[in-house]
Amino acid sequence: MSDHLPDDVLLSYENLTIPLPGKGDRARAVEGLSLQLHRNEILCIVGESGSGKSLTALSTMGLLDAEFDRPQGQIMFHGNNLLEMGERQRTQRIGGKLAMIFQEPTASLNPFYTVGHQVSETFKIHTDLSKAEIRQKVLDLFAEVLLPDPERIYRSYPHQLSGGQCQRVMIASALALNPEVLIADEPTTALDVTTQAQILKLMLRLRERHGTGILFITHDFGVVAEIADRVAVMCRGELVEVGPTAEVLNNPQHAYTKRLVAAVPRLEPRAARSDLGETVLRAQNISKTYRTGHIGKAVHEVRAVDDVSLTLRRGETLGLVGESGSGKSTLSQCIIRMVDADGGEIEIDGIRFDSLRPRALRHARRHAQIIFQDPYTALDPRQKVGDAIAEGQLIHGVPMAQAAARTAELLEAMGLDASAAERFPHQFSGGQRQRICIARALALEPALLIADESVSALDVSVQAQILELLVDVQQRLQFGLLFVTHDLRVASQLCDRIAVMQKGKIVEIGEPVQLFTNPAQEYTRQLLSAVPGAGWVPQSAA
Amino acid sequence: QAPDVLKIAVDSLWQTMSPVTGFATSSARIYCNFYERFTSVDYLADPNGSVVVNHLAESFERNGNIWTVKMREGVMFHNGVEMTAEDAAFTLSEERYRAVDAYEPRGATFTEGFVRVEAIDKYTIEIETASEDPHVPAKLSSVAGIIVPKAYYLEKGVDGFGQEPIGTGPYKVTTFRSGEIMVLEAFDGYWGSETASVPRMEWHVVPEFAARMAGVVSGEFHMMAGIPTDQEAQVASYDGVEVTSVPFTSYAAVAFNTLPDPVDNPLVDARLRYAMVQAVDMDLIVQALFGDTTFHPAVPFNFPEYGDFYEPDLKSNLPYDPEAARALVEQTDYNGQPLIWHITRGFYPNYETAAEIMVQQWAEVGINVEMRVLDNFSMVYQRPFHLMNFANATAFIPGDPYQPLWLDWNPEANRSRADWKTWAPSEAYIAAGARFNAALSFEERFAAYKEMSAAWQEVTPALFMWRQVGSFALRSGINWTPAGAEMRLFGGYLSFA
Amino acid sequence: MIRSRLVLGAAGLVLGVVVFMMLFGPVVWQVDPTKQNLLARLVGPFWTEKGSWAHPLGTDRLGRDVLARLIVATQMSVQVALLGTVIGAVFGALVGVVSGHFEGRVDNVLMTIVDIQLSLPFILIALTCVAFFGNSLTLFIILMGLYGWETYARLARGLVMSAKRQTYARAIVSLGASPTRLYLRHILPNIASALIVQLTLTVPAIILLESALSFLGMGIQPPNTSLGQILGEGRDYLATAWWIAVWPGVIIFLITLSISVLGDALRDRLDPVLRARA
Amino acid sequence: MTAEFWLVKIGRMALTIFIVLTFTFIALRTSFDPAQAMLGPDATQREIALFRDKWLLDRSIFEQYFVYIKNALTGDFGMSFRDGRPVTELIAERIPKTLALGAVSYLIAVLVGVPLGLLAALYRGSALDRLVMVFSVVWFALPNFFLGILMILLFSLTLQWLPSSGSSTALHFIMPAAALGLSLAAILARFTRSAMLEVQSKPYMRAAQAKGVPRWRRTLFHALPNAAIPLVTIMGLMLGNLVAGTVVVETVFAWPGVGRLLITAVSSKDMAVVQALVVLVAVSMVTANILVDLSYGLLDPRMRSRS
Ligand SMILES: Nc1ncnc2c1ncn2[C@@H]1O[C@H](COP(=O)(O)OP(=O)(O)OP(=O)(O)O)[C@@H](O)[C@H]1O
Ligand SMILES: Nc1ncnc2c1ncn2[C@@H]1O[C@H](COP(=O)(O)OP(=O)(O)OP(=O)(O)O)[C@@H](O)[C@H]1O
Ligand SMILES: [Mg+2]
Ligand SMILES: [Mg+2]
Ligand code: NI
């Protein structure tokens with residue numbers, strides 16, 4: 001779409017360079033960025049983590065931390081260079097024409113005030129409207145962003161609303177003064193797929209109704225495919241490619257873009273493998289109820305896992321999917337007894353796990369290992385990586401020398417060099433750390449490995465590597481893999497069978513091909529339709 | 001010009017003004033302004049305090065064991081009730097001092113030998129003593145002689161009386177909060193000629209020296225008590241402030257525990273005690289700590305306030321001589337074990353400081369003393385200990401060594417009887433004491449005194465350190481004659497320029 | 001906070017000097033702190049009229065060398081503060097760890113005790129104990145050791161509760177580690193820094209507490225001496241012989257100041273780590 | 001908040017006070033005999049015996065404890081050994097003075113400490129920030145009795161501007177309240193600063209800025225209310241410091257409050273007074289804690305709606 005008129009340009013970055021304060025990873029977070037946002041356009045910025053997307057957005061809003069030096073270059077908006085404006089000038093001249101929403105919707109609202117109050121504040125500051133008028137405006141806005149029962153929401157505090165509702169309130173607040181430009185920094189990352197789909201719809205509606213130019217930062221290519229008119233790709237602070245969505249996604253030019261697009265997981269259901277070994281996990285009638293609240297009455301009960309049964313065989317990968325809060329984590333924790341289930345039988349590798357005494361349980365843990373979601377917090381920051389990998393073996397009585405040898409072997413298998421053993425976790429990237437976590441789990445040669453959202457926190461490219469690695473070692477070591485995820489694309493690629501969880505129950509279980517093409521349950525169907533950019537199937541970029 | 005309100009800053013005010021039970025340094029100095037006694041010491045006549053004059057008693061007459069005391073007429077208590085012989089008799093009564101459940105049992109020691117006290121008419125009482133006692137009028141100048149209003153006293157009880165005291169003195173107490181303030185107002189019904197020159201006095205408790213000093217220097221206060229000796233010059237150096245130091249009738253001392261309790265007490269050996277006396281250069285210490293304001297009495301009980309008893313040229317038997325001390329230590333079985341010295345914190349000015357010096361000097365002759373500074377006398381009196389601080393008052397019979405030498409050391413005294421006793425009076429001492437008490441003429445009494453003192457020194461159960469002094473600061477323009485430890489702020493004692 | 005290198009350097013230097021003074025003071029300055037010279041009382045520091053290099057910082061009311069006494073007093077004060085801090089920290093942290101580990105009823109009981117302690121200002125306990133049980137150095141140190149234990153207990157409890165929910169702790173458990181191993185090898189090293197920051201608050205607090213008690217006459221008693229005791233004793237001489245009270249005052253001030261500055265720096269240093277992990 | 005919440009709170013309060021009562025009783029009665037301490041060095045044996053009899057010190061410890069608890073429950077804390085007056089009367093007489101000093105000091109602490117902390121946080125890294133932090137650390141590092149004496153020497157002795165002791169006029173408040181209040185202000189300034197910095201790094205602060213809320217409004221209406229919870233907690237805990245400071249400052253400035261009463265009672269072993277004061281302080285601290293808890297409910301909507 002290179003046919004925009006020049007006056008169509010709303011926001012224009014010219015040679016923007018943002019120096020990093022102190023000892024950052026690099027001297028400049030953003031270097032020589034030139035980019036235009038047009039009226040009535042959704043421009044998605046994608047790129048690896050740390051590539052400077054957020055800083056670009058923040059410098060546009062004049063929200064860079066005080067410790068930053070003034071960025072160089074220009075950000076032109078209505079003939080003003082935003083970089084040269086002070087806070088006061090900006091309020092006077094730009095007012096509400098430029099608005100932004102953030103990644104964490106709940107945390108972006110002040111817990112102290114009702115959301116109605118907070119949205120009203122924008123009017124109070126920028127207009128002379130009376131109280132009643134403001135109130136009406138806010139209610140209208142709430143209706144516009146499709147919030148149910150605006151009156152009630154008006155009076156609610158942030159903690160009384162769901163994440164999606166909070167994000168809609170934030171959007172309402174951003175829309176208050178009819179902005180010409182809306183900057184959205186990963187506005188849906190913290191939300192689950194169904195809510196995400198609603199927010200995306202809202203964005204599209206917004207553009208339709210008001211002709212707003214939207215700068216949408218994301219790392220989810222599904223989202224890009226769903227809403228973007230144009231895509232800009234950033235890598236290490238530089239803009240490497242920009243163009244219409246279809247072009248960039250289907251025919252990437254820059255090497256980095258190619259890599260990125262190739263790594264995007266595909267919704268490619270595959271058939272189950274046939275060469276599976278004996279059963280390693282047999283879980284029957286597992287239930288878990290959480291009770292919270294004060295002593296006495298007012299007990300709040302959550303039936304996190306409700307009478308679930310599962311089996312898993314050696315060499316098999318079982319996917320566990322479902323929306324947030326459906327009980328996936330709780331179930332997997334129950335299986336390895338990190339959480340004690342209320343009832344049910346668990347047998348792992350022939351051992352009855354559910355009745356083990358603490359000492360025996362500790363001993364039996366070598367048969368079942370888990371890899372957690374966030375590689376940044378899963379390693380003791382004060383323990384050397386080598387020690388972390390060897391620790392499990394030492395606990396289970398493996399001699400020191402042997403453990404060290406195995407550690408070196410595993411590091412190599414994970415594609416890390418031997419010197420890594422002497423370093424600390426913070427000296428590794430997220431992907432590397434996740435490999436270390438996998439190595440730590442595998443060091444015990446477990447029969448069952450649970451991966452709880454083990455790749456969700458990672459970049460798509462890193463994610464792909466890790467998945468490949470997992471498949472690879474599973475091939476060699478033949479453990480049963482319980483793969484917990486909310487990303488149906490990933491699940492479809494990886495699993496032999498997929499179990500769909502809803503409200504603590506497994507509603508459907510089956511082979512990916514069958515599940516995706518012909519879901520038996522309404523819920524599964526909903527889940528599938530909420531996957532963003534489902535229509536787009538990236539071509540192999542090889 | 002006299003101020004409307006005279007403000008005095010003191011370091012403390014004793015918690016109760018009950019005449020005998022509440023007797024302490026910080027109460028005795030204020031008593032004289034609202035309490036009066038049968039007789040009183042006339043410090044205008046003799047600053048050393050050896051002159052006793054009749055006061056609320058008009059005359060004394062002795063007939064063998066019986067004293068007939070004529071009381072002054074028309075004296076009013078602060079509550080408007082006239083003082084009668086009834087009150088005077090009650091003051092000295094069995095019921096108040098000597099009964100098993102006496103109101104103020106400490107009075108018993110001050111009225112030792114009294115067998116009968118009786119009002120015989122409105123203004124006359126009779127006092128009968130067990131044996132002939134020429135010293136009764138003098139003894140009645142002590143706190144035991146403070147005349148209390150019987151009816152009011154019985155109504156309030158000792159504690160109540162101590163909080164809302166009533167006397168016959170020139171001022172009456174209108175407010176008393178022990179940790180804070182006492183307010184005195186001139187008493188219109190006062191009988192005496194020594195009228196009050198200021199209508200109102202306020203005694204403020206200001207524990208911090210700096211705050212007291214600042215108060216006097218800035219004119220907030222007219223007077224203050226309690227100046228550390230080292231600071232006298234400093235205080236005096238301010239414009240409009242003058243400093244007076246006044247010798248008290250009391251001597252700071254260290255008592256040696258002469259008894260085999262603890263069983264291995266090396267101080268049971270008199271030679272070690274002699275050594276301890278000879279090892280300390282008390283003159284130097286006193287000079288260093290007090291300058292010329294006081295002195296160290298080289299010979300025990302040979303005190304200047306005793307008039308004819310005092311022999312200025314007497315030499316000590318145990319003079320400062322570290323060599324001799326060392327030799328004495330050699331003779332004993334003392335093996336260097338630590339001797340524990342119990343000291344009450346902050347009770348006697350400069351005591352801890354002196355103690356630190358003495359510990360050093362004892363160490364030099366091979367005596368190892370360990371000082372323990374304790375919070376109060378309960379702790380000081382808790383055995384085991386080898387040394388203990390105390391002070392010997394000298395004024396019970398003005399001009400006579402009765403109190404320090406007999407009253408405080410006799411076989412019935414605390415020092416020989418209490419749980420914390422430190423000595424057992426020797427035969428010689430007891431025999432001399434009996435003669436001393438029976439003596440009617442000065443010569444007899446003097447001879448007995450010398451024997452008793454010698455017997456005491458034979459044992460040497462204590463070392464007298466210095467005569468205690470108090471330092472006061474006044475705004476210039478205030479002329480004040482100190483009366484020993486008493487702060488008499490009326491009549492001839494106080495005037496304004 | 002006060003982050004400049006200069007200030008930090010100065011704080012480090014002060015503490016260095018204090019430590020040097022404590023360790024080598026008596027060797028370098030070989031004057032007996034108890035040696036009295038009644039003829040040379042209240043002599044000023046060397047630059048004053050009567051002063052001399054024999055007593056560079058002057059003499060006190062007994063003619064003892066102020067410098068020598070400051071050395072032993074600093075030793076005493078700092079030792080009391082350190083010992084007190086360590087005792088309180090170890091005891092408190094232990095309570096906190098137990099409470100945080102077991103939670104539930106154990107936690108309830110222990111936190112009730114902590115609450116009780118919180119509702120009794122420490123000085124009240126110190127005054128009562130010192131006055132009623134007498135004043136020995138051992139008792140004093142134990143008392144100082146009691147100071148602040150509840151803070152450590154609460155801090156450690158919170159840290160343990162959050163640390164054991166951290167993914168790494170759960171990962172260690174899932175390896176089959178015993179609780180002892182988990183706490184000693186993993187949790188303790190990770191919560192130590194926050195506790196150490198707290199130590200930098202407790203040490204000056206105890207030094208100040210000791211001086212306040214000494215001022216009230218219930219601190220360290222002669223012949224032992226401490227900064228607070230010299231300060232309390234010298235306060236009457238402020239107008240005439242200022243050097244008695246001012247030196248210990250300055251030392252107390254500098255020590256508390258330096259430790260606070262270093263503590264602030266330490267916290268600034270550690271905070272991002274803590275925040276990132278939270 | 002729910003009824004159970006209060007039940008637990010009040011139960012804990014009662015337990016605390018009971019334990020404090022018992023602890024002080026044991027500490028005071030088992031240490032030793034107060035008779036000698038009270039009566040002075042010259043007390044006679046008989047006097048001591050009478051004293052012990054009068055105050056029931058000869059009874060068994062259990063009997064004494066029973067009587068003590070029974071009386072305490074009816075608000076009767078007995079008589080002071082020193083002057084034979086009811087303890088409650090003694091304390092009541094002095095509490096107004098201490099409350100006045102405490103309130104003024106506390107007010108100074110809040111009025112000086114909080115704004116300074118706010119300014120420091122607002123201009124983080126500036127010269128002002130440094131100045132405030134220097135003030136706070138310096139003021140904290142000076143023992144407040146030493147400060148008090150220096151103030152007396154300067155303002156009363158040398159300049160003669162302010163009275164050195166007593167409590168009768170407003171002028172009398174200045175030095176003690178400054179000595180006490182400013183050292184608390186120093187602590188509060190630091191906490192305010194760090195609480196504000198903490199809040200300012202929250203996403204909603206950035207969101208407010210993005211909305212165009214001016215800086216002062218952000219500070220006062222967005223940051224401060226959220227920083228209030230840690231601040232209120234600290235202010236509650238600071239009452240402990242206030243008590244400690246009062247004891248010292250009242251002594252320095254001859255302030256006739258309960259702090260001085262405590263010191264005299266403690267040094268003369270006046271058990272009844274010490275006991276009553278300890279309980280009094282415990283009760284007020286517990287009450288303060290409850291007030292702090294209550295204020296959480298007011299300050300934090302999340303707490304309010306929890307019930
Ligand atoms: N306050 C800061 N101080 C120092 N460096 C910073 C700061 N904020 C960001 N950076 C650095 O600037 C670079 C760009 O950060 P930015 O947050 O813009 O990345 P991003 O593209 O938004 O990444 P993500 O997808 O993870 O949100 C990173 O290297 C980051 O470490
Ligand atoms: N420790 C706990 N105490 C109380 N409730 C809990 C606890 N842990 C989980 N829950 C609740 O149990 C339910 C299931 O949680 P779980 O973490 O298993 O969901 P999930 O499917 O893993 O979600 P996500 O995709 O967000 O990780 C949720 O409603 C959650 O709020
Ligand atoms: Mg970002
Ligand atoms: Mg989960
Ligand atoms: Ni275009």
# chains A, B, ... in the order shown; residues from 1 in each chain; ligands from 1
$ select_by_dssp --residues "segment 163-310 of chain A" --states "strand (DSSP E or B)" --output "ChimeraX atom specification"
/A:181-185,213-217,230-235,238-244,279-292,300-310
$ residues_near_ligand --ligand "ligand 1" --cutoff "8 Å" --atoms "only C-alpha atoms and all ligand atoms" --output "ChimeraX atom specification"
/A:20-26,28-30,47-57,64-65,67-68,185-186,218-219,234,236-237
$ write_last_selection --atoms "N, CA, C and O atoms" --output "short mmCIF file (atom, residue, chain, number, x, y, z; two decimals), in the first residue's frame"
data_model
loop_
_atom_site.label_atom_id
_atom_site.label_comp_id
_atom_site.auth_asym_id
_atom_site.auth_seq_id
_atom_site.Cartn_x
_atom_site.Cartn_y
_atom_site.Cartn_z
N LEU A 20 21.17 4.16 25.02
CA LEU A 20 20.86 3.49 26.29
C LEU A 20 21.69 4.09 27.41
O LEU A 20 22.85 4.42 27.21
N PRO A 21 21.11 4.20 28.56
CA PRO A 21 21.89 4.75 29.68
C PRO A 21 22.84 3.69 30.23
O PRO A 21 22.55 2.50 30.16
N GLY A 22 23.93 4.17 30.76
CA GLY A 22 24.86 3.29 31.50
C GLY A 22 25.33 2.12 30.68
O GLY A 22 25.51 2.20 29.47
N LYS A 23 25.49 1.02 31.39
CA LYS A 23 26.01 -0.17 30.73
C LYS A 23 24.87 -1.06 30.28
O LYS A 23 24.49 -2.00 30.96
N GLY A 24 24.25 -0.73 29.17
CA GLY A 24 23.20 -1.59 28.63
C GLY A 24 23.83 -2.72 27.85
O GLY A 24 25.04 -2.89 27.84
N ASP A 25 22.96 -3.52 27.19
CA ASP A 25 23.50 -4.61 26.37
C ASP A 25 24.24 -4.02 25.19
O ASP A 25 25.16 -4.59 24.63
N ARG A 26 23.75 -2.82 24.76
CA ARG A 26 24.41 -2.17 23.64
C ARG A 26 24.29 -0.68 23.85
O ARG A 26 23.58 -0.22 24.74
N ARG A 28 23.08 1.74 21.82
CA ARG A 28 21.83 2.37 21.41
C ARG A 28 20.74 1.33 21.32
O ARG A 28 20.90 0.29 20.69
N ALA A 29 19.61 1.63 21.93
CA ALA A 29 18.50 0.67 21.90
C ALA A 29 17.85 0.67 20.53
O ALA A 29 17.44 -0.38 20.03
N VAL A 30 17.76 1.87 19.94
CA VAL A 30 17.16 1.99 18.62
C VAL A 30 18.11 2.84 17.79
O VAL A 30 18.67 3.82 18.30
N GLY A 47 9.34 -8.22 16.16
CA GLY A 47 10.79 -8.30 16.30
C GLY A 47 11.13 -9.02 17.57
O GLY A 47 10.30 -9.18 18.47
N GLU A 48 12.38 -9.46 17.66
CA GLU A 48 12.78 -10.24 18.83
C GLU A 48 12.68 -9.39 20.09
O GLU A 48 12.65 -8.16 20.03
N SER A 49 12.67 -10.06 21.18
CA SER A 49 12.61 -9.39 22.46
C SER A 49 13.85 -8.51 22.62
O SER A 49 14.95 -8.90 22.27
N GLY A 50 13.65 -7.30 23.14
CA GLY A 50 14.78 -6.41 23.35
C GLY A 50 15.22 -5.67 22.11
O GLY A 50 16.27 -5.03 22.12
N SER A 51 14.44 -5.73 21.06
CA SER A 51 14.88 -5.07 19.84
C SER A 51 14.54 -3.58 19.84
O SER A 51 14.89 -2.87 18.91
N GLY A 52 13.87 -3.10 20.87
CA GLY A 52 13.66 -1.66 20.97
C GLY A 52 12.25 -1.22 20.63
O GLY A 52 11.98 -0.03 20.49
N LYS A 53 11.32 -2.15 20.56
CA LYS A 53 9.95 -1.82 20.20
C LYS A 53 9.32 -0.94 21.28
O LYS A 53 8.77 0.13 20.98
N SER A 54 9.43 -1.36 22.51
CA SER A 54 8.78 -0.61 23.58
C SER A 54 9.41 0.76 23.74
O SER A 54 8.71 1.75 23.96
N LEU A 55 10.72 0.83 23.62
CA LEU A 55 11.37 2.12 23.80
C LEU A 55 10.94 3.10 22.72
O LEU A 55 10.79 4.29 22.98
N THR A 56 10.74 2.60 21.53
CA THR A 56 10.25 3.46 20.46
C THR A 56 8.89 4.04 20.84
O THR A 56 8.65 5.25 20.75
N ALA A 57 8.04 3.17 21.34
CA ALA A 57 6.71 3.61 21.74
C ALA A 57 6.79 4.62 22.87
O ALA A 57 6.14 5.67 22.83
N LEU A 64 9.93 8.05 28.39
CA LEU A 64 11.22 7.40 28.71
C LEU A 64 11.62 7.76 30.13
O LEU A 64 11.38 8.87 30.59
N ASP A 65 12.24 6.83 30.82
CA ASP A 65 12.69 7.10 32.19
C ASP A 65 13.67 8.26 32.19
O ASP A 65 14.35 8.51 31.19
N GLU A 67 16.44 8.52 33.40
CA GLU A 67 17.86 8.20 33.25
C GLU A 67 18.31 8.14 31.78
O GLU A 67 19.50 8.11 31.49
N PHE A 68 17.33 8.12 30.87
CA PHE A 68 17.70 8.09 29.45
C PHE A 68 18.13 9.47 28.97
O PHE A 68 17.58 10.48 29.37
N ASP A 185 1.18 -1.35 23.06
CA ASP A 185 2.38 -2.16 23.27
C ASP A 185 1.98 -3.51 23.83
O ASP A 185 1.67 -3.65 25.01
N GLU A 186 1.98 -4.50 23.00
CA GLU A 186 1.59 -5.86 23.36
C GLU A 186 0.33 -5.87 24.22
O GLU A 186 0.34 -6.38 25.34
N THR A 218 3.72 -6.22 18.82
CA THR A 218 3.40 -7.60 19.22
C THR A 218 4.54 -8.50 18.82
O THR A 218 5.45 -8.10 18.10
N HIS A 219 4.55 -9.71 19.33
CA HIS A 219 5.50 -10.66 18.77
C HIS A 219 4.77 -11.90 18.25
O HIS A 219 5.36 -12.88 17.91
N MET A 234 11.70 -5.36 13.45
CA MET A 234 12.89 -4.78 14.08
C MET A 234 13.79 -5.88 14.58
O MET A 234 13.35 -6.95 15.02
N ARG A 236 17.53 -6.00 16.83
CA ARG A 236 18.62 -5.33 17.52
C ARG A 236 18.63 -3.81 17.29
O ARG A 236 19.63 -3.22 16.93
N GLY A 237 17.46 -3.21 17.44
CA GLY A 237 17.40 -1.76 17.37
C GLY A 237 17.28 -1.18 15.98
O GLY A 237 17.20 0.03 15.82
#
$ interface_residues --of "chain B" --to "chain C" --cutoff "10 Å" --atoms "only C-alpha atoms" --output "PyMOL selection string"
chain B and resi 208-211+213+227-228+230-231+233-235+284-285+287-289+345-346+352-357+359-361+370-376+379
$ closest_atom_pairs --of "chain A" --to "ligand 2" --cutoff "6 Å" --atoms "only C-alpha atoms and all ligand atoms" --output "JSON lines"
{"residue": "A:Tyr290", "atom": "CA", "partner": "ligand 2", "partner_atom_place_in_ligand_line": "4 (C)", "distance": 4.8}
{"residue": "A:Val302", "atom": "CA", "partner": "ligand 2", "partner_atom_place_in_ligand_line": "12 (O)", "distance": 5.9}
{"residue": "A:Ala304", "atom": "CA", "partner": "ligand 2", "partner_atom_place_in_ligand_line": "12 (O)", "distance": 4.3}
{"residue": "A:Glu323", "atom": "CA", "partner": "ligand 2", "partner_atom_place_in_ligand_line": "25 (O)", "distance": 5.7}
{"residue": "A:Ser324", "atom": "CA", "partner": "ligand 2", "partner_atom_place_in_ligand_line": "25 (O)", "distance": 3.4}
{"residue": "A:Gly325", "atom": "CA", "partner": "ligand 2", "partner_atom_place_in_ligand_line": "19 (O)", "distance": 3.4}
{"residue": "A:Ser326", "atom": "CA", "partner": "ligand 2", "partner_atom_place_in_ligand_line": "21 (O)", "distance": 3.9}
{"residue": "A:Gly327", "atom": "CA", "partner": "ligand 2", "partner_atom_place_in_ligand_line": "18 (O)", "distance": 3.2}
{"residue": "A:Lys328", "atom": "CA", "partner": "ligand 2", "partner_atom_place_in_ligand_line": "21 (O)", "distance": 3.7}
{"residue": "A:Ser329", "atom": "CA", "partner": "ligand 2", "partner_atom_place_in_ligand_line": "22 (O)", "distance": 3.6}
{"residue": "A:Thr330", "atom": "CA", "partner": "ligand 2", "partner_atom_place_in_ligand_line": "18 (O)", "distance": 3.6}
$ write_last_selection --atoms "all heavy atoms" --output "CSV table (one decimal), in the first residue's frame"
chain,number,residue,atom,x,y,z
A,290,TYR,N,-9.1,-26.2,45.6
A,290,TYR,CA,-8.4,-25.2,46.5
A,290,TYR,C,-9.4,-24.5,47.3
A,290,TYR,O,-10.5,-24.1,46.8
A,290,TYR,CB,-7.7,-24.2,45.6
A,290,TYR,CG,-6.5,-24.7,44.9
A,290,TYR,CD1,-6.4,-24.8,43.6
A,290,TYR,CD2,-5.3,-24.9,45.7
A,290,TYR,CE1,-5.2,-25.3,43.0
A,290,TYR,CE2,-4.2,-25.4,45.1
A,290,TYR,CZ,-4.1,-25.6,43.8
A,290,TYR,OH,-3.0,-26.0,43.2
A,302,VAL,N,-12.3,-23.6,44.8
A,302,VAL,CA,-12.0,-23.7,43.3
A,302,VAL,C,-11.8,-25.1,43.0
A,302,VAL,O,-10.8,-25.7,43.6
A,302,VAL,CB,-10.8,-22.8,42.9
A,302,VAL,CG1,-10.6,-23.0,41.4
A,302,VAL,CG2,-11.0,-21.4,43.3
A,304,ALA,N,-10.1,-27.0,40.9
A,304,ALA,CA,-9.1,-26.8,39.9
A,304,ALA,C,-8.9,-28.0,39.0
A,304,ALA,O,-8.8,-27.9,37.8
A,304,ALA,CB,-7.7,-26.5,40.5
A,323,GLU,N,-7.9,-23.1,28.2
A,323,GLU,CA,-7.6,-21.7,28.5
A,323,GLU,C,-7.0,-21.5,29.9
A,323,GLU,O,-7.0,-22.4,30.7
A,323,GLU,CB,-8.9,-20.8,28.3
A,323,GLU,CG,-9.9,-21.2,29.3
A,323,GLU,CD,-11.2,-20.4,29.1
A,323,GLU,OE1,-11.3,-19.6,28.2
A,323,GLU,OE2,-12.1,-20.5,29.9
A,324,SER,N,-6.6,-20.3,30.1
A,324,SER,CA,-6.0,-20.0,31.4
A,324,SER,C,-6.9,-20.3,32.6
A,324,SER,O,-8.1,-20.0,32.5
A,324,SER,CB,-5.6,-18.5,31.4
A,324,SER,OG,-5.0,-18.2,32.6
A,325,GLY,N,-6.4,-21.0,33.6
A,325,GLY,CA,-7.2,-21.3,34.8
A,325,GLY,C,-8.0,-22.5,34.6
A,325,GLY,O,-8.7,-22.9,35.5
A,326,SER,N,-7.8,-23.3,33.6
A,326,SER,CA,-8.6,-24.5,33.4
A,326,SER,C,-8.0,-25.6,34.2
A,326,SER,O,-8.7,-26.7,34.3
A,326,SER,CB,-8.6,-24.9,31.9
A,326,SER,OG,-7.3,-25.0,31.4
A,327,GLY,N,-6.9,-25.5,34.8
A,327,GLY,CA,-6.4,-26.5,35.7
A,327,GLY,C,-5.2,-27.3,35.1
A,327,GLY,O,-4.8,-28.4,35.7
A,328,LYS,N,-4.6,-26.9,34.1
A,328,LYS,CA,-3.6,-27.6,33.4
A,328,LYS,C,-2.4,-27.8,34.4
A,328,LYS,O,-1.9,-28.9,34.6
A,328,LYS,CB,-3.1,-26.9,32.2
A,328,LYS,CG,-4.2,-26.6,31.2
A,328,LYS,CD,-3.7,-26.0,29.9
A,328,LYS,CE,-3.1,-24.6,30.1
A,328,LYS,NZ,-4.0,-23.6,30.4
A,329,SER,N,-1.9,-26.7,34.9
A,329,SER,CA,-0.8,-26.7,35.8
A,329,SER,C,-1.1,-27.5,37.1
A,329,SER,O,-0.3,-28.3,37.5
A,329,SER,CB,-0.4,-25.3,36.2
A,329,SER,OG,0.0,-24.6,35.1
A,330,THR,N,-2.2,-27.3,37.6
A,330,THR,CA,-2.6,-28.0,38.8
A,330,THR,C,-2.6,-29.5,38.6
A,330,THR,O,-2.0,-30.3,39.4
A,330,THR,CB,-4.0,-27.6,39.3
A,330,THR,OG1,-4.0,-26.2,39.4
A,330,THR,CG2,-4.3,-28.2,40.7
$ residues_around --residues "Ile191 of chain C" --least-positions-apart "5" --cutoff "9 Å" --atoms "only C-alpha atoms" --output "list of chain:residue names"
C:Ala156, C:Leu159, C:Val160, C:Ala163, C:His186, C:Ile196
$ residues_around --residues "segment 388-391 of chain B" --least-positions-apart "6" --cutoff "7 Å" --atoms "only C-alpha atoms" --output "MDAnalysis selection string"
chainID B and resid 250:256 341:343
